[in-house]
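Q: Got a structure for you, final28.txt, holding compact mmCIF, C-alpha atoms (C1' of nucleotides).
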```txt
# COMPACT_ATOMS: atom_id res chain seq x y z
CA MET A 1292 43.98 107.47 189.40
CA CYS A 1293 42.45 104.48 187.72
CA VAL A 1294 44.47 104.61 184.58
CA PRO A 1295 42.41 106.28 181.90
CA SER A 1296 43.47 103.68 179.38
CA VAL A 1297 44.43 105.84 176.49
CA ALA A 1298 41.56 104.35 174.61
CA SER A 1299 39.46 107.42 175.19
CA SER A 1300 40.67 108.82 171.94
CA VAL A 1301 37.89 111.33 171.70
CA ASP A 1302 39.19 113.09 174.75
CA VAL A 1303 42.56 112.86 173.20
CA ALA A 1304 41.52 114.70 170.10
CA SER A 1305 39.77 117.40 172.01
CA LEU A 1306 42.80 117.66 174.24
CA ALA A 1307 44.83 118.45 171.17
CA SER A 1308 42.50 121.21 170.09
CA ARG A 1309 42.25 122.62 173.56
CA LEU A 1310 45.99 122.84 173.75
CA ARG A 1311 46.22 124.39 170.37
CA THR A 1312 43.60 126.97 171.13
CA GLY A 1313 45.06 127.87 174.47
CA VAL A 1314 48.61 128.06 173.29
CA TRP A 1315 47.72 130.09 170.27
CA ARG A 1316 45.75 132.57 172.28
CA LEU A 1317 48.50 132.93 174.80
CA ALA A 1318 51.00 133.53 172.05
CA ARG A 1319 48.83 136.19 170.47
CA ARG A 1320 48.23 137.78 173.79
CA LEU A 1321 51.87 137.98 174.62
CA ARG A 1322 52.60 139.38 171.22
CA SER A 1323 50.07 142.13 171.61
CA GLU A 1324 51.40 142.97 175.03
CA ALA A 1325 54.97 143.07 173.88
CA ASP A 1326 55.44 146.67 172.95
CA VAL A 1327 59.09 146.62 173.83
CA ASP A 1328 59.73 146.54 170.13
CA LEU A 1329 60.99 143.03 170.56
CA SER A 1330 58.82 140.16 169.48
CA PRO A 1331 58.19 137.27 171.86
CA THR A 1332 60.41 135.06 169.78
CA LEU A 1333 63.28 137.47 170.07
CA GLN A 1334 62.63 137.93 173.75
CA ALA A 1335 62.74 134.21 174.23
CA ALA A 1336 65.93 133.97 172.22
CA LEU A 1337 67.51 136.68 174.30
CA GLY A 1338 66.49 134.86 177.44
CA THR A 1339 67.95 131.61 176.17
CA LEU A 1340 71.26 133.20 175.31
CA ASP A 1341 71.32 134.87 178.69
CA ARG A 1342 70.54 131.79 180.70
CA HIS A 1343 72.46 129.23 178.74
CA GLY A 1344 75.55 131.20 178.17
CA PRO A 1345 77.54 131.75 174.99
CA MET A 1346 76.57 129.25 172.37
CA THR A 1347 76.96 128.61 168.68
CA PRO A 1348 74.10 129.07 166.24
CA GLY A 1349 73.76 125.34 165.90
CA ALA A 1350 73.49 124.83 169.62
CA PHE A 1351 70.98 127.62 169.71
CA ALA A 1352 68.87 125.95 167.05
CA ARG A 1353 68.91 122.67 168.93
CA HIS A 1354 68.06 124.36 172.15
CA GLU A 1355 65.10 126.25 170.70
CA GLN A 1356 64.07 123.24 168.67
CA ILE A 1357 64.03 125.19 165.46
CA ARG A 1358 65.74 124.60 162.15
CA LYS A 1359 69.01 126.17 161.36
CA PRO A 1360 67.72 128.71 158.89
CA THR A 1361 65.28 129.98 161.47
CA ALA A 1362 68.09 130.23 163.96
CA THR A 1363 70.11 132.20 161.45
CA ARG A 1364 67.32 134.67 160.97
CA THR A 1365 66.61 135.04 164.65
CA ILE A 1366 70.23 135.57 165.48
CA ALA A 1367 70.67 137.99 162.64
CA ALA A 1368 67.80 140.06 163.97
CA LEU A 1369 69.36 140.21 167.40
CA VAL A 1370 72.82 141.02 166.13
CA GLU A 1371 71.39 143.66 163.84
CA ARG A 1372 69.80 145.35 166.81
CA GLY A 1373 73.05 145.24 168.69
CA LEU A 1374 71.61 142.99 171.37
CA VAL A 1375 73.88 140.06 170.69
CA GLU A 1376 77.51 139.87 169.75
CA ARG A 1377 79.12 137.15 167.73
CA THR A 1378 82.71 136.19 168.17
CA PRO A 1379 84.39 133.93 165.69
CA ASP A 1380 85.79 130.71 167.01
CA PRO A 1381 89.53 130.79 166.61
CA LEU A 1382 89.78 127.06 166.07
CA ASP A 1383 86.79 126.27 163.92
CA ARG A 1384 86.13 129.04 161.50
CA ARG A 1385 82.75 127.71 160.53
CA VAL A 1386 81.23 128.55 163.87
CA SER A 1387 80.89 131.64 165.98
CA TRP A 1388 79.91 132.24 169.57
CA LEU A 1389 76.92 134.26 170.55
CA GLN A 1390 76.40 136.21 173.71
CA LEU A 1391 74.41 139.16 174.90
CA SER A 1392 75.88 142.59 174.47
CA SER A 1393 75.59 144.93 177.40
CA GLN A 1394 72.79 146.61 175.53
CA GLY A 1395 71.09 143.26 175.19
CA ARG A 1396 71.44 142.67 178.87
CA ARG A 1397 69.93 146.04 179.64
CA LEU A 1398 67.01 145.47 177.32
CA LEU A 1399 66.42 142.03 178.72
CA GLY A 1400 66.24 143.51 182.17
CA ARG A 1401 63.71 146.05 181.01
CA VAL A 1402 61.66 143.38 179.28
CA ARG A 1403 61.62 141.29 182.41
CA ARG A 1404 60.42 144.10 184.57
CA ARG A 1405 57.76 145.01 182.08
CA HIS A 1406 56.68 141.47 181.76
CA ASP A 1407 56.45 141.06 185.46
CA ALA A 1408 54.15 144.02 185.49
CA PHE A 1409 52.08 142.38 182.82
CA LEU A 1410 51.91 139.20 184.80
CA ALA A 1411 51.02 141.01 187.94
CA ALA A 1412 48.32 142.94 186.22
CA ARG A 1413 46.73 140.23 184.18
CA LEU A 1414 47.99 136.81 184.95
CA ALA A 1415 48.30 136.96 188.66
CA ALA A 1416 46.66 133.61 188.76
CA LEU A 1417 49.70 131.88 187.38
CA ARG A 1418 51.21 130.10 190.33
CA PRO A 1419 54.67 128.59 190.23
CA GLU A 1420 53.25 125.14 190.31
CA GLU A 1421 51.15 125.93 187.29
CA LEU A 1422 54.15 127.28 185.52
CA ALA A 1423 55.87 124.02 186.26
CA THR A 1424 52.96 122.13 184.78
CA LEU A 1425 53.21 124.16 181.61
CA GLU A 1426 56.92 123.53 181.46
CA ARG A 1427 56.38 119.83 181.72
CA ALA A 1428 53.66 119.98 179.11
CA ALA A 1429 56.02 121.73 176.74
CA GLY A 1430 58.53 118.97 177.20
CA ILE A 1431 55.96 116.30 176.60
CA LEU A 1432 54.77 118.01 173.46
CA GLU A 1433 58.27 118.21 172.16
CA ARG A 1434 58.78 114.53 172.71
CA LEU A 1435 55.46 113.78 171.12
CA THR A 1436 56.44 114.95 167.68
CA GLU A 1437 59.83 113.36 167.74
CA GLY A 1438 58.81 109.83 167.14
CA PRO A 1439 59.33 107.62 164.12
CA GLY A 1440 59.12 109.24 160.76
CA THR A 1441 59.97 112.66 161.95
CA PRO A 1442 59.83 114.43 158.66
CA SER A 1443 63.14 116.20 158.82
CA GLU A 1444 66.66 116.44 160.01
CA GLY A 1445 65.93 114.17 162.83
CA PRO A 1446 69.12 112.14 162.96
CA GLU A 1447 71.24 115.15 163.59
CA GLY A 1448 69.95 115.97 167.01
CA MET B 406 58.71 121.49 193.18
CA CYS B 407 59.48 124.48 195.33
CA VAL B 408 59.99 126.64 192.33
CA PRO B 409 61.94 129.77 193.03
CA SER B 410 59.64 132.71 193.46
CA VAL B 411 58.13 134.47 190.51
CA ALA B 412 59.93 132.62 187.80
CA SER B 413 60.89 135.72 186.00
CA SER B 414 58.76 136.42 183.12
CA VAL B 415 61.07 135.96 180.23
CA ASP B 416 60.69 132.42 181.26
CA VAL B 417 57.09 132.92 180.44
CA ALA B 418 58.03 134.23 177.05
CA SER B 419 60.37 131.32 176.52
CA LEU B 420 57.80 128.93 177.78
CA ALA B 421 55.18 130.35 175.51
CA SER B 422 57.62 130.07 172.68
CA ARG B 423 58.32 126.44 173.39
CA LEU B 424 54.66 125.68 173.69
CA ARG B 425 53.97 127.49 170.48
CA THR B 426 56.57 125.69 168.45
CA GLY B 427 55.64 122.41 170.04
CA VAL B 428 52.00 122.77 169.28
CA TRP B 429 52.70 124.11 165.85
CA ARG B 430 54.89 121.18 164.96
CA LEU B 431 52.40 118.74 166.30
CA ALA B 432 49.71 120.42 164.27
CA ARG B 433 51.76 120.26 161.13
CA ARG B 434 52.55 116.68 161.81
CA LEU B 435 48.91 115.91 162.22
CA ARG B 436 48.21 117.73 159.03
CA SER B 437 50.61 115.64 157.07
CA GLU B 438 49.49 112.45 158.75
CA ALA B 439 45.87 113.21 158.09
CA ASP B 440 46.78 113.82 154.49
CA VAL B 441 44.51 116.80 154.44
CA ASP B 442 45.49 120.00 152.79
CA LEU B 443 44.22 122.28 155.49
CA SER B 444 46.40 124.44 157.68
CA PRO B 445 46.12 124.12 161.45
CA THR B 446 44.22 127.37 161.70
CA LEU B 447 41.73 126.33 159.10
CA GLN B 448 41.21 123.01 160.80
CA ALA B 449 40.63 124.78 164.07
CA ALA B 450 38.20 127.14 162.41
CA LEU B 451 36.30 124.26 160.94
CA GLY B 452 36.06 122.71 164.36
CA THR B 453 34.83 125.92 165.89
CA LEU B 454 32.12 126.35 163.31
CA ASP B 455 31.10 122.79 163.81
CA ARG B 456 30.93 122.89 167.56
CA HIS B 457 29.51 126.34 168.04
CA GLY B 458 26.94 126.20 165.39
CA PRO B 459 26.17 128.73 162.70
CA MET B 460 27.72 132.05 163.53
CA THR B 461 28.49 135.37 161.94
CA PRO B 462 32.00 136.41 160.99
CA GLY B 463 32.09 138.81 163.91
CA ALA B 464 31.11 136.15 166.37
CA PHE B 465 33.70 133.91 164.84
CA ALA B 466 36.38 136.53 165.30
CA ARG B 467 35.43 137.03 168.92
CA HIS B 468 35.37 133.35 169.55
CA GLU B 469 38.77 132.73 168.03
CA GLN B 470 40.09 135.91 169.62
CA ILE B 471 41.34 137.24 166.35
CA ARG B 472 40.71 140.50 164.52
CA LYS B 473 38.07 140.85 161.96
CA PRO B 474 40.37 141.03 158.96
CA THR B 475 41.97 137.78 160.00
CA ALA B 476 38.56 136.24 160.42
CA THR B 477 37.56 137.43 156.99
CA ARG B 478 40.52 135.77 155.41
CA THR B 479 40.12 132.54 157.31
CA ILE B 480 36.49 132.32 156.40
CA ALA B 481 37.19 133.17 152.80
CA ALA B 482 39.67 130.32 152.60
CA LEU B 483 37.11 127.88 153.94
CA VAL B 484 34.33 129.12 151.70
CA GLU B 485 36.63 129.01 148.72
CA ARG B 486 37.33 125.35 149.41
CA GLY B 487 33.64 124.67 149.66
CA LEU B 488 33.90 123.63 153.27
CA VAL B 489 31.73 126.40 154.65
CA GLU B 490 28.60 128.01 153.38
CA ARG B 491 27.52 131.53 154.02
CA THR B 492 23.91 132.52 154.12
CA PRO B 493 22.89 136.14 154.16
CA ASP B 494 20.89 137.28 157.13
CA PRO B 495 17.45 138.30 155.94
CA LEU B 496 17.08 140.97 158.57
CA ASP B 497 20.52 142.50 158.77
CA ARG B 498 22.11 142.63 155.42
CA ARG B 499 25.51 143.46 156.82
CA VAL B 500 25.95 140.05 158.31
CA SER B 501 25.91 136.53 157.05
CA TRP B 502 25.74 133.17 158.75
CA LEU B 503 28.41 130.60 158.45
CA GLN B 504 28.05 126.89 158.73
CA LEU B 505 29.79 123.79 157.53
CA SER B 506 28.82 122.44 154.19
CA SER B 507 28.26 118.73 153.99
CA GLN B 508 31.65 118.50 152.40
CA GLY B 509 33.12 120.38 155.30
CA ARG B 510 31.47 118.03 157.70
CA ARG B 511 32.82 115.03 155.89
CA LEU B 512 36.31 116.45 155.81
CA LEU B 513 36.19 117.34 159.47
CA GLY B 514 35.10 113.86 160.30
CA ARG B 515 37.96 112.40 158.36
CA VAL B 516 40.44 114.73 159.96
CA ARG B 517 39.21 113.84 163.38
CA ARG B 518 39.40 110.15 162.80
CA ARG B 519 42.93 110.36 161.53
CA HIS B 520 44.01 112.63 164.31
CA ASP B 521 42.54 110.23 166.77
CA ALA B 522 44.42 107.39 165.25
CA PHE B 523 47.71 109.19 165.27
CA LEU B 524 47.31 110.65 168.70
CA ALA B 525 46.10 107.43 170.19
CA ALA B 526 49.26 105.79 168.98
CA ARG B 527 51.45 108.57 170.25
CA LEU B 528 49.76 109.13 173.53
CA ALA B 529 49.75 105.45 174.24
CA ALA B 530 53.45 105.88 174.75
CA LEU B 531 52.85 108.44 177.44
CA ARG B 532 52.31 107.62 181.03
CA PRO B 533 48.90 108.46 182.42
CA GLU B 534 50.51 111.03 184.60
CA GLU B 535 51.90 112.79 181.56
CA LEU B 536 48.51 112.78 179.95
CA ALA B 537 47.17 114.33 183.08
CA THR B 538 49.82 116.99 182.87
CA LEU B 539 48.70 117.87 179.38
CA GLU B 540 45.11 118.03 180.52
CA ARG B 541 46.02 120.31 183.35
CA ALA B 542 48.11 122.48 181.06
CA ALA B 543 45.17 122.86 178.72
CA GLY B 544 43.03 123.96 181.61
CA ILE B 545 45.55 126.48 182.81
CA LEU B 546 45.88 127.94 179.37
CA GLU B 547 42.17 128.23 179.02
CA ARG B 548 41.84 130.00 182.30
CA LEU B 549 44.69 132.23 181.36
CA THR B 550 43.37 133.35 178.03
CA GLU B 551 39.66 133.41 178.31
CA GLY B 552 39.60 135.82 181.17
CA PRO B 553 40.04 139.54 181.39
CA GLY B 554 40.43 141.75 178.47
CA THR B 555 40.75 140.76 174.93
CA PRO B 556 43.75 142.97 174.29
CA SER B 557 41.85 145.50 172.30
CA GLU B 558 38.58 146.18 170.67
CA GLY B 559 37.40 144.79 173.92
CA PRO B 560 34.34 146.87 174.68
CA GLU B 561 32.57 145.46 171.72
CA GLY B 562 31.98 142.23 173.39
C1' DG C 1417 99.35 117.71 149.81
C1' DG C 1418 95.02 117.25 147.32
C1' DA C 1419 90.50 114.97 146.76
C1' DC C 1420 86.46 113.84 149.57
C1' DG C 1421 82.65 113.22 152.70
C1' DG C 1422 80.51 115.30 156.50
C1' DT C 1423 79.30 119.37 159.42
C1' DA C 1424 78.01 124.41 160.32
C1' DG C 1425 75.78 128.16 158.60
C1' DT C 1426 73.68 131.03 155.17
C1' DT C 1427 70.73 132.40 151.27
C1' DA C 1428 66.56 132.14 148.64
C1' DG C 1429 62.00 131.31 148.30
C1' DT C 1430 57.47 129.78 150.18
C1' DT C 1431 53.73 129.34 153.50
C1' DC C 1432 50.94 130.57 157.26
C1' DT C 1433 49.12 133.70 160.49
C1' DG C 1434 48.54 137.87 162.46
C1' DA C 1435 47.81 143.13 162.72
C1' DG C 1436 46.29 148.07 161.41
C1' DA C 1437 44.27 151.53 158.27
C1' DA C 1438 41.02 152.80 155.29
C1' DC C 1439 37.01 151.70 152.94
C1' DT C 1440 31.95 150.11 151.81
C1' DA C 1441 27.55 148.84 153.06
C1' DT C 1442 24.12 148.74 156.18
C1' DC C 1443 21.51 149.83 160.25
C1' DC C 1444 19.68 152.92 163.73
C1' DT C 1445 18.36 157.30 165.84
C1' DG C 1446 16.76 161.80 166.13
C1' DC D 1282 16.90 162.46 155.72
C1' DA D 1283 21.57 163.46 158.14
C1' DG D 1284 24.92 161.64 161.12
C1' DG D 1285 26.92 158.23 163.67
C1' DA D 1286 27.59 153.39 164.93
C1' DT D 1287 28.31 148.59 163.47
C1' DA D 1288 29.77 144.56 160.41
C1' DG D 1289 32.75 143.14 157.09
C1' DT D 1290 36.12 143.59 153.45
C1' DT D 1291 40.37 144.89 151.01
C1' DC D 1292 45.02 146.16 151.06
C1' DT D 1293 49.44 146.11 152.83
C1' DC D 1294 52.88 144.85 155.93
C1' DA D 1295 55.46 141.97 159.45
C1' DG D 1296 56.98 137.87 161.98
C1' DA D 1297 58.21 133.26 162.16
C1' DA D 1298 58.46 128.82 160.57
C1' DC D 1299 59.76 125.52 156.88
C1' DT D 1300 62.53 123.24 152.71
C1' DA D 1301 66.01 123.13 149.21
C1' DA D 1302 70.15 124.39 147.68
C1' DC D 1303 74.28 126.56 148.43
C1' DT D 1304 79.13 128.00 150.53
C1' DA D 1305 82.82 127.45 153.71
C1' DC D 1306 85.25 124.73 156.51
C1' DC D 1307 87.02 120.58 159.02
C1' DG D 1308 89.12 116.14 159.28
C1' DT D 1309 90.69 112.15 157.10
C1' DC D 1310 92.67 109.10 153.92
C1' DC D 1311 95.35 107.92 149.98
```
Could you write out this structure as C-alpha cells?
A:
Amino acid sequence: MCVPSVASSVDVASLASRLRTGVWRLARRLRSEADVDLSPTLQAALGTLDRHGPMTPGAFARHEQIRKPTATRTIAALVERGLVERTPDPLDRRVSWLQLSSQGRRLLGRVRRRHDAFLAARLAALRPEELATLERAAGILERLTEGPGTPSEGPEG
Amino acid sequence: MCVPSVASSVDVASLASRLRTGVWRLARRLRSEADVDLSPTLQAALGTLDRHGPMTPGAFARHEQIRKPTATRTIAALVERGLVERTPDPLDRRVSWLQLSSQGRRLLGRVRRRHDAFLAARLAALRPEELATLERAAGILERLTEGPGTPSEGPEG
DNA sequence: GGACGGTAGTTAGTTCTGAGAACTATCCTG
DNA sequence: CAGGATAGTTCTCAGAACTAACTACCGTCC
C-alpha cells in the first residue's frame, strides 16, 4: 500500500468535499424518498430505540451524537406521534425511559419494508461490504471532529 | 466481515444520519477553524463554481442536485457577499452566467489552505487504512447518488 | 435537615438548508 | 401574434441542528 504519507493534503481537501457532496446528496435523496410521513432523522431515531433498547434521553443523545436539546425535540416528535412511550424512572425522577410503542414497532416494520423496496429498486448496487465501509467511515468521521478544542460539551461524553 | 444479509434498511437511514451529522459537524468545525463566515453549503457552492467554470443557475442546480429555488437563494447569498458575479447572457435574456469574483477566488483559496492545514493535522492521526476507507466511502457515495434518477424534475436533464 | 454543586432535561431563540406553489420574463413555434 | 415551454425568482413553510439559559432533581456535606 506504500503509505500515502498524509502529506498529500490536496487530496485530503478534495476528499472532504467529495464526502460532503456525497453525503449531502444521499441525505436529500433519502428524504425525498421517505414519504412514510416520517423524516429520515425520525426513522433513524426509531431504529436506534428499537435496536438499542429502552434508553434515557441523555443516552439517546450520546448515542446519536447530538446535543441534548436536539434529542429532546426528536423524542418529543416521536412521543407526540405515539411511536414512542416514555416511562418515568421510579428512582431518579429527572430521567425517563424511552421505548417503542406497538404502533412505533408497526410503523418501523412498514418503513423497513418500504426502504428495502427503495434499495432494491434504486440502490441495488450497495453490497454489504460497501455498507460496512460506510459504517466505518461514519465512525472515523465522528472521531475526526472529537479532537482537541471540541467547541462544546465535550467533557461530558 | 460476513455481514448478515441485506442489512435492513433502517440501518441505511441510521447510517445516512450518522454520516450526515458527522460531515455536518466536520464542516462546521472547518468553518470555525478557517475563520470564514461562510456556511458549508456556500463553501461547497463556491467550490463548484470554481471547478466547473461559469455556469447558469439552472446548471448549478442540476449539478448540486438541488431545486431551483434553493439554487436561487444560494447564489443570491454569494452574489450579495460579492463572491460571485453574474453576467447576463446576451442571447438568452432569461439566463445569466455565474463565476467567481476575484474576491471569491481569494476567499476560496484561503478557505482551502486552512482546511488543508486542519485536515492534514487531523488526518495525520489516522492510519492509512482509515484514510483509504474514507476514500472508498466517498467513491461509494458518488456512485450511489450520481446515478439513476434525480428524484424529480428529472426529465429536464 | 437545609444549603450547595453537579447532572438530566427542557425551553427559547437562531441558523442553515431544503422543498413546493405560484409568479414573471423570456424564448420558440406555428 | 397566440400559446406553450423554459429559466429564474419570490414567498412560505418545515426539518434539524446549535447555543444559552433555565428548571428539577440528586447526592453530599456541614
Q: All Cα atoms, paired in order, least squares: that's the fit I need for chain A onto chain B, output as a tab-separated table (two decimals) with C-alpha atoms, in the frame of the given file.
A:
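Now in out_25.tsv:
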```
chain	number	residue	atom	x	y	z
A	1292	MET	CA	53.61	121.83	196.91
A	1293	CYS	CA	55.51	124.50	198.76
A	1294	VAL	CA	54.44	127.39	196.64
A	1295	PRO	CA	57.18	128.14	194.17
A	1296	SER	CA	56.82	131.84	194.82
A	1297	VAL	CA	56.73	133.17	191.33
A	1298	ALA	CA	59.99	134.86	192.03
A	1299	SER	CA	61.88	132.22	190.14
A	1300	SER	CA	61.64	134.31	187.05
A	1301	VAL	CA	64.41	132.49	185.29
A	1302	ASP	CA	62.34	129.36	185.24
A	1303	VAL	CA	59.53	131.48	184.05
A	1304	ALA	CA	61.41	132.70	181.05
A	1305	SER	CA	62.60	129.28	180.11
A	1306	LEU	CA	59.07	128.02	180.58
A	1307	ALA	CA	57.98	130.49	177.96
A	1308	SER	CA	60.55	129.30	175.47
A	1309	ARG	CA	59.85	125.69	176.19
A	1310	LEU	CA	56.21	126.24	175.49
A	1311	ARG	CA	56.94	128.14	172.37
A	1312	THR	CA	59.28	125.51	171.06
A	1313	GLY	CA	56.97	122.66	171.85
A	1314	VAL	CA	53.89	124.29	170.48
A	1315	TRP	CA	55.60	125.38	167.33
A	1316	ARG	CA	56.97	121.95	166.67
A	1317	LEU	CA	53.64	120.34	167.26
A	1318	ALA	CA	52.01	122.77	164.88
A	1319	ARG	CA	54.56	122.07	162.19
A	1320	ARG	CA	54.24	118.39	162.73
A	1321	LEU	CA	50.52	118.43	162.41
A	1322	ARG	CA	50.77	120.53	159.32
A	1323	SER	CA	53.13	118.13	157.66
A	1324	GLU	CA	50.92	115.22	158.56
A	1325	ALA	CA	47.81	116.88	157.28
A	1326	ASP	CA	47.66	115.72	153.72
A	1327	VAL	CA	43.91	115.86	153.63
A	1328	ASP	CA	44.32	119.01	151.62
A	1329	LEU	CA	42.94	120.90	154.56
A	1330	SER	CA	45.29	122.88	156.72
A	1331	PRO	CA	45.20	122.44	160.49
A	1332	THR	CA	43.61	125.83	160.86
A	1333	LEU	CA	40.80	124.89	158.54
A	1334	GLN	CA	40.42	121.55	160.22
A	1335	ALA	CA	40.13	123.26	163.55
A	1336	ALA	CA	37.62	125.71	162.15
A	1337	LEU	CA	35.56	122.89	160.75
A	1338	GLY	CA	35.65	121.16	164.10
A	1339	THR	CA	34.55	124.31	165.88
A	1340	LEU	CA	31.63	124.85	163.56
A	1341	ASP	CA	30.66	121.23	163.96
A	1342	ARG	CA	30.81	121.16	167.72
A	1343	HIS	CA	29.48	124.59	168.49
A	1344	GLY	CA	26.69	124.63	166.04
A	1345	PRO	CA	25.67	127.32	163.56
A	1346	MET	CA	27.29	130.59	164.41
A	1347	THR	CA	27.93	133.98	162.91
A	1348	PRO	CA	31.36	135.04	161.70
A	1349	GLY	CA	31.73	137.32	164.67
A	1350	ALA	CA	30.95	134.56	167.12
A	1351	PHE	CA	33.38	132.38	165.26
A	1352	ALA	CA	36.12	134.97	165.58
A	1353	ARG	CA	35.51	135.30	169.30
A	1354	HIS	CA	35.46	131.59	169.75
A	1355	GLU	CA	38.73	131.04	167.89
A	1356	GLN	CA	40.25	134.11	169.48
A	1357	ILE	CA	41.20	135.59	166.16
A	1358	ARG	CA	40.46	138.94	164.61
A	1359	LYS	CA	37.56	139.43	162.35
A	1360	PRO	CA	39.51	139.71	159.14
A	1361	THR	CA	41.16	136.39	159.86
A	1362	ALA	CA	37.78	134.89	160.51
A	1363	THR	CA	36.55	136.25	157.21
A	1364	ARG	CA	39.40	134.64	155.36
A	1365	THR	CA	39.07	131.33	157.13
A	1366	ILE	CA	35.37	131.17	156.53
A	1367	ALA	CA	35.76	132.20	152.94
A	1368	ALA	CA	38.18	129.34	152.40
A	1369	LEU	CA	35.74	126.86	153.84
A	1370	VAL	CA	32.77	128.20	151.93
A	1371	GLU	CA	34.81	128.24	148.75
A	1372	ARG	CA	35.54	124.57	149.19
A	1373	GLY	CA	31.90	123.85	149.74
A	1374	LEU	CA	32.51	122.64	153.28
A	1375	VAL	CA	30.48	125.32	154.97
A	1376	GLU	CA	27.25	126.98	154.04
A	1377	ARG	CA	26.23	130.47	154.96
A	1378	THR	CA	22.64	131.45	155.40
A	1379	PRO	CA	21.68	135.07	155.68
A	1380	ASP	CA	19.93	136.12	158.83
A	1381	PRO	CA	16.45	137.23	157.93
A	1382	LEU	CA	16.31	139.79	160.70
A	1383	ASP	CA	19.77	141.29	160.70
A	1384	ARG	CA	21.11	141.53	157.23
A	1385	ARG	CA	24.60	142.30	158.37
A	1386	VAL	CA	25.15	138.82	159.70
A	1387	SER	CA	24.94	135.33	158.31
A	1388	TRP	CA	24.89	131.91	159.88
A	1389	LEU	CA	27.52	129.33	159.22
A	1390	GLN	CA	27.17	125.60	159.36
A	1391	LEU	CA	28.80	122.57	157.87
A	1392	SER	CA	27.55	121.33	154.56
A	1393	SER	CA	27.05	117.62	154.22
A	1394	GLN	CA	30.28	117.55	152.29
A	1395	GLY	CA	31.96	119.31	155.17
A	1396	ARG	CA	30.60	116.77	157.56
A	1397	ARG	CA	31.88	113.94	155.42
A	1398	LEU	CA	35.32	115.47	155.14
A	1399	LEU	CA	35.46	116.13	158.84
A	1400	GLY	CA	34.69	112.51	159.47
A	1401	ARG	CA	37.48	111.46	157.16
A	1402	VAL	CA	39.89	113.87	158.80
A	1403	ARG	CA	39.04	112.52	162.20
A	1404	ARG	CA	39.63	108.96	161.22
A	1405	ARG	CA	42.89	109.86	159.57
A	1406	HIS	CA	43.97	111.84	162.52
A	1407	ASP	CA	43.16	109.06	164.87
A	1408	ALA	CA	45.40	106.87	162.80
A	1409	PHE	CA	48.11	109.46	163.08
A	1410	LEU	CA	47.68	109.61	166.81
A	1411	ALA	CA	47.69	105.89	167.12
A	1412	ALA	CA	50.79	105.59	165.05
A	1413	ARG	CA	52.84	108.38	166.47
A	1414	LEU	CA	51.37	109.95	169.52
A	1415	ALA	CA	50.05	106.96	171.31
A	1416	ALA	CA	51.56	108.38	174.42
A	1417	LEU	CA	48.99	111.13	174.62
A	1418	ARG	CA	46.71	110.09	177.42
A	1419	PRO	CA	43.39	111.79	178.06
A	1420	GLU	CA	44.69	113.33	181.20
A	1421	GLU	CA	47.55	114.84	179.28
A	1422	LEU	CA	45.17	116.17	176.72
A	1423	ALA	CA	43.27	117.77	179.54
A	1424	THR	CA	46.45	119.36	180.80
A	1425	LEU	CA	47.12	120.83	177.39
A	1426	GLU	CA	43.58	122.12	177.22
A	1427	ARG	CA	43.98	123.85	180.52
A	1428	ALA	CA	47.32	125.25	179.46
A	1429	ALA	CA	45.73	126.70	176.35
A	1430	GLY	CA	43.15	128.43	178.48
A	1431	ILE	CA	45.76	129.82	180.80
A	1432	LEU	CA	47.79	131.12	177.91
A	1433	GLU	CA	44.79	132.83	176.47
A	1434	ARG	CA	44.10	134.55	179.74
A	1435	LEU	CA	47.72	135.50	180.06
A	1436	THR	CA	47.74	137.82	177.10
A	1437	GLU	CA	44.45	139.41	177.89
A	1438	GLY	CA	45.55	141.63	180.67
A	1439	PRO	CA	45.85	145.39	180.82
A	1440	GLY	CA	47.00	147.13	177.72
A	1441	THR	CA	45.90	144.47	175.37
A	1442	PRO	CA	46.97	146.08	172.17
A	1443	SER	CA	43.77	145.71	170.24
A	1444	GLU	CA	40.06	145.40	170.10
A	1445	GLY	CA	39.95	144.25	173.60
A	1446	PRO	CA	36.83	145.99	174.84
A	1447	GLU	CA	34.65	144.28	172.32
A	1448	GLY	CA	34.96	140.80	173.67
```
Q: So that each row is one residue of chain B with an atom at most 6 Å from chain A, can you give its shortest atom pair and the distance in Å to one decimal, using all atoms listed in the file, rows by chain and rising number, as CSV?
A:
```
residue,atom,partner,partner_atom,distance
B:Ser414,CA,A:His1406,CA,5.6
B:Val415,CA,A:Arg1403,CA,5.8
B:Ala418,CA,A:Ala1335,CA,5.5
B:Ser419,CA,A:Ala1335,CA,4.4
B:Leu424,CA,A:Ala1429,CA,5.2
B:Gly427,CA,A:Glu1433,CA,5.4
B:Leu431,CA,A:Thr1436,CA,5.7
B:Asp521,CA,A:Ala1304,CA,5.7
B:Ala525,CA,A:Ser1300,CA,5.9
B:Ala529,CA,A:Val1297,CA,5.8
B:Leu539,CA,A:Ala1428,CA,5.4
B:Ala542,CA,A:Leu1425,CA,5.4
B:Ala543,CA,A:Leu1310,CA,5.0
B:Leu546,CA,A:Gly1313,CA,5.0
B:Glu547,CA,A:Gly1313,CA,5.4
```
Q: Once you count all atoms listed in the file, which residues of chain D turn out to be within 7 Å of chain A? Could you give them as a list of chain:residue names?
A: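 Here they are: D:DA1298, D:DA1305, D:DC1306.
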Q: Just C-alpha atoms (C1' of nucleotides) for this one: save the residues we selected as an mmCIF file, in the frame of the given file.
A:
```cif
data_model
loop_
_atom_site.group_PDB
_atom_site.id
_atom_site.type_symbol
_atom_site.label_atom_id
_atom_site.label_comp_id
_atom_site.auth_asym_id
_atom_site.auth_seq_id
_atom_site.Cartn_x
_atom_site.Cartn_y
_atom_site.Cartn_z
ATOM 1 C "C1'" DA D 1298 58.460 128.820 160.570
ATOM 2 C "C1'" DA D 1305 82.820 127.450 153.710
ATOM 3 C "C1'" DC D 1306 85.250 124.730 156.510
#
```
Q: Near chain A, meaning an atom within 8 Å, which residues of chain C appear when counting only C-alpha atoms (C1' of nucleotides)? Write them as a list in words.
A: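 The selection requested is DA1424, DG1425 and DT1426 of chain C.
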Q: Could you work out how far atom C1' of C:DT1433 lies from atom C1' of D:DC1294, giving the answer in Å with one decimal?
A: 12.6 Å
Q: Provide the atom CA of A:Leu1340 to atom CA of A:Leu1391 distance in Å, to one decimal place.
A: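 One can read the atom CA of A:Leu1340 to atom CA of A:Leu1391 distance as 6.8 Å.
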Q: Provide the atom CA of B:Asp494 to atom CA of B:His457 distance in Å, to one decimal place.
A: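 Those two atoms sit 17.7 Å apart.
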